[in-house]
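Everything below concerns the one structure shown next.
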Amino acid sequence: MLKVLNWDDGTDRTVDTNTVDAPHIGQVEDYVNALASIEISSCERDMLRVHANAPGREISGLKLAQTVGHFGARIGNKKYGRLARKISEAAGLPMCDSDVSDYLAAIFTLADGKPTDGEDWTWVMHEAVADGLKEAGVI
């Protein structure tokens, strides 16, 4: 079971993730509409493009940081987490209730992740996000 927190009203919902998509993962149209309603900087756009175009749509926080001229996995994950939160709020997607930091939890609306070395994480972009980016003309 996955516990999620709705961005808008703070209500908890418990969902059986074995029978339905996780509630924090949107549909293609959710991402298209969200991308149309928010401003995205060129650096944020670059992060989305690099992630979507990575082999298997898999990328590390370190690579995300390097994409926008920063060093260190933590800053890459923080910047990507801020972007993920903007997108998820605009899409009306709930935030995962997890034991990771808020910026990491937000990224789960864009990708599945797992911790790797030190503070780094590896992220695999959800197919709906990649398709939404294509439809929105980001990639």
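Identifiers in the structure tokens: chain A, B, ... in order shown; residue index from 1 per chain; ligand index from 1 in order shown.
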Which residues of segment 63-126 of chain A sit at most 10 Å from segment 36-52 of chain A, using only C-alpha atoms? Give each one's shortest atom pair and distance in Å (one decimal place), in chain and ascending residue order, as CSV.
residue,atom,partner,partner_atom,distance
A:Lys63,CA,A:Val50,CA,8.8
A:Leu64,CA,A:Met47,CA,5.9
A:Ala65,CA,A:Met47,CA,8.3
A:Gln66,CA,A:Met47,CA,9.4
A:Thr67,CA,A:Met47,CA,6.4
A:Val68,CA,A:Cys43,CA,5.6
A:Gly69,CA,A:Cys43,CA,9.0
A:Gly76,CA,A:Met47,CA,9.1
A:Lys79,CA,A:Glu44,CA,8.1
A:Tyr80,CA,A:Met47,CA,7.4
A:Arg82,CA,A:Glu44,CA,9.5
A:Leu83,CA,A:Glu44,CA,6.8
A:Ala84,CA,A:Glu44,CA,9.7
A:Lys86,CA,A:Ile38,CA,7.5
A:Ile87,CA,A:Ile38,CA,7.5
A:Glu89,CA,A:Ile38,CA,9.8
A:Ala90,CA,A:Ser37,CA,6.9
A:Ala91,CA,A:Ser37,CA,9.0
A:Leu110,CA,A:Leu48,CA,9.6
A:Ala111,CA,A:His51,CA,9.6
A:Trp123,CA,A:His51,CA,8.4
A:Val124,CA,A:His51,CA,8.1
A:Met125,CA,A:Ala52,CA,6.7
A:His126,CA,A:Ala52,CA,9.2
Take the residues that were just selected and, keeping N, CA, C and O atoms, output them as a CSV table (one decimal), in the first residue's frame.
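The new file out_10.csv reads:
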chain,number,residue,atom,x,y,z
A,63,LYS,N,24.1,13.7,-13.0
A,63,LYS,CA,24.0,14.0,-14.4
A,63,LYS,C,23.0,15.2,-14.6
A,63,LYS,O,23.3,16.1,-15.4
A,64,LEU,N,21.9,15.2,-13.8
A,64,LEU,CA,21.0,16.3,-13.9
A,64,LEU,C,21.7,17.6,-13.5
A,64,LEU,O,21.5,18.7,-14.1
A,65,ALA,N,22.5,17.6,-12.5
A,65,ALA,CA,23.2,18.8,-12.0
A,65,ALA,C,24.2,19.2,-13.1
A,65,ALA,O,24.3,20.4,-13.4
A,66,GLN,N,24.9,18.3,-13.7
A,66,GLN,CA,25.9,18.6,-14.7
A,66,GLN,C,25.2,19.2,-15.9
A,66,GLN,O,25.8,20.1,-16.6
A,67,THR,N,24.0,18.8,-16.2
A,67,THR,CA,23.3,19.3,-17.4
A,67,THR,C,23.1,20.8,-17.3
A,67,THR,O,23.1,21.5,-18.3
A,68,VAL,N,22.9,21.3,-16.1
A,68,VAL,CA,22.6,22.8,-15.9
A,68,VAL,C,23.8,23.5,-15.3
A,68,VAL,O,23.7,24.6,-14.7
A,69,GLY,N,25.0,22.9,-15.4
A,69,GLY,CA,26.2,23.6,-15.0
A,69,GLY,C,26.6,23.5,-13.5
A,69,GLY,O,27.3,24.4,-13.0
A,76,GLY,N,21.5,18.6,-8.0
A,76,GLY,CA,20.8,18.1,-9.2
A,76,GLY,C,19.4,17.6,-8.7
A,76,GLY,O,18.4,18.0,-9.3
A,79,LYS,N,17.2,20.7,-7.5
A,79,LYS,CA,16.6,21.5,-8.6
A,79,LYS,C,15.6,20.7,-9.4
A,79,LYS,O,14.5,21.2,-9.7
A,80,TYR,N,15.8,19.4,-9.6
A,80,TYR,CA,14.8,18.6,-10.3
A,80,TYR,C,13.5,18.4,-9.4
A,80,TYR,O,12.4,18.4,-9.9
A,82,ARG,N,12.4,20.6,-7.3
A,82,ARG,CA,11.6,21.9,-7.3
A,82,ARG,C,10.8,21.9,-8.6
A,82,ARG,O,9.6,22.3,-8.6
A,83,LEU,N,11.4,21.5,-9.7
A,83,LEU,CA,10.7,21.4,-11.0
A,83,LEU,C,9.5,20.4,-10.9
A,83,LEU,O,8.4,20.7,-11.3
A,84,ALA,N,9.8,19.3,-10.4
A,84,ALA,CA,8.8,18.2,-10.2
A,84,ALA,C,7.6,18.7,-9.4
A,84,ALA,O,6.4,18.4,-9.7
A,86,LYS,N,6.6,21.8,-9.1
A,86,LYS,CA,5.8,22.8,-9.9
A,86,LYS,C,4.9,22.0,-10.9
A,86,LYS,O,3.7,22.4,-11.0
A,87,ILE,N,5.4,21.0,-11.5
A,87,ILE,CA,4.6,20.2,-12.5
A,87,ILE,C,3.5,19.5,-11.7
A,87,ILE,O,2.4,19.5,-12.2
A,89,GLU,N,2.1,20.1,-8.9
A,89,GLU,CA,1.0,21.0,-8.3
A,89,GLU,C,0.1,21.4,-9.5
A,89,GLU,O,-1.1,21.5,-9.3
A,90,ALA,N,0.7,21.8,-10.6
A,90,ALA,CA,-0.1,22.3,-11.8
A,90,ALA,C,-1.0,21.1,-12.3
A,90,ALA,O,-2.1,21.4,-12.8
A,91,ALA,N,-0.5,19.9,-12.2
A,91,ALA,CA,-1.3,18.7,-12.6
A,91,ALA,C,-2.3,18.3,-11.6
A,91,ALA,O,-3.1,17.4,-11.9
A,110,LEU,N,7.5,12.4,-11.4
A,110,LEU,CA,8.1,12.3,-12.8
A,110,LEU,C,8.8,11.0,-13.1
A,110,LEU,O,8.9,10.6,-14.2
A,111,ALA,N,9.3,10.4,-12.1
A,111,ALA,CA,10.1,9.2,-12.3
A,111,ALA,C,10.1,8.3,-11.1
A,111,ALA,O,9.9,8.7,-10.0
A,123,TRP,N,17.1,7.9,-11.5
A,123,TRP,CA,15.7,8.1,-11.8
A,123,TRP,C,15.3,7.6,-13.2
A,123,TRP,O,16.1,7.8,-14.2
A,124,VAL,N,14.2,6.9,-13.3
A,124,VAL,CA,13.7,6.4,-14.6
A,124,VAL,C,12.3,7.1,-14.8
A,124,VAL,O,11.4,6.9,-14.1
A,125,MET,N,12.3,7.9,-15.8
A,125,MET,CA,11.2,8.8,-16.1
A,125,MET,C,10.0,7.9,-16.5
A,125,MET,O,10.1,6.9,-17.3
A,126,HIS,N,8.8,8.2,-15.9
A,126,HIS,CA,7.5,7.6,-16.3
A,126,HIS,C,7.2,7.8,-17.8
A,126,HIS,O,7.5,8.9,-18.3
Item to check | Interatomic distance (Å, one decimal) between atom CA of Leu35 of chain A and atom CA of Ala136 of chain A | outcome: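 Result for atom CA of Leu35 of chain A versus atom CA of Ala136 of chain A: 6.9 Å, one decimal.
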Skipping near chain neighbours, those fewer than 3 positions away, what residues fall within 9 Å of Lys78 of chain A using only C-alpha atoms, listed as a PDB file with C-alpha atoms, in the first residue's frame?
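Produced file selection.pdb, reproduced below:
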ATOM      1  CA  GLY A  61      21.003  13.341  -9.897  1.00  0.00           C
ATOM      2  CA  ALA A  73      24.080  14.965  -6.980  1.00  0.00           C
ATOM      3  CA  ARG A  74      22.301  16.740  -4.156  1.00  0.00           C
ATOM      4  CA  ILE A  75      21.946  20.021  -6.066  1.00  0.00           C
ATOM      5  CA  GLY A  81      12.612  18.203  -7.188  1.00  0.00           C
ATOM      6  CA  ARG A  82      11.588  21.880  -7.342  1.00  0.00           C
ATOM      7  CA  LEU A  83      10.656  21.437 -10.990  1.00  0.00           C
ATOM      8  CA  TYR A 103      12.298  17.445  -2.988  1.00  0.00           C
ATOM      9  CA  LEU A 104      13.019  13.738  -3.548  1.00  0.00           C
TER      10      LEU A 104
END
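The space separating atom CA of Leu133 of chain A from atom CA of Asp102 of chain A comes to 23.3 Å.
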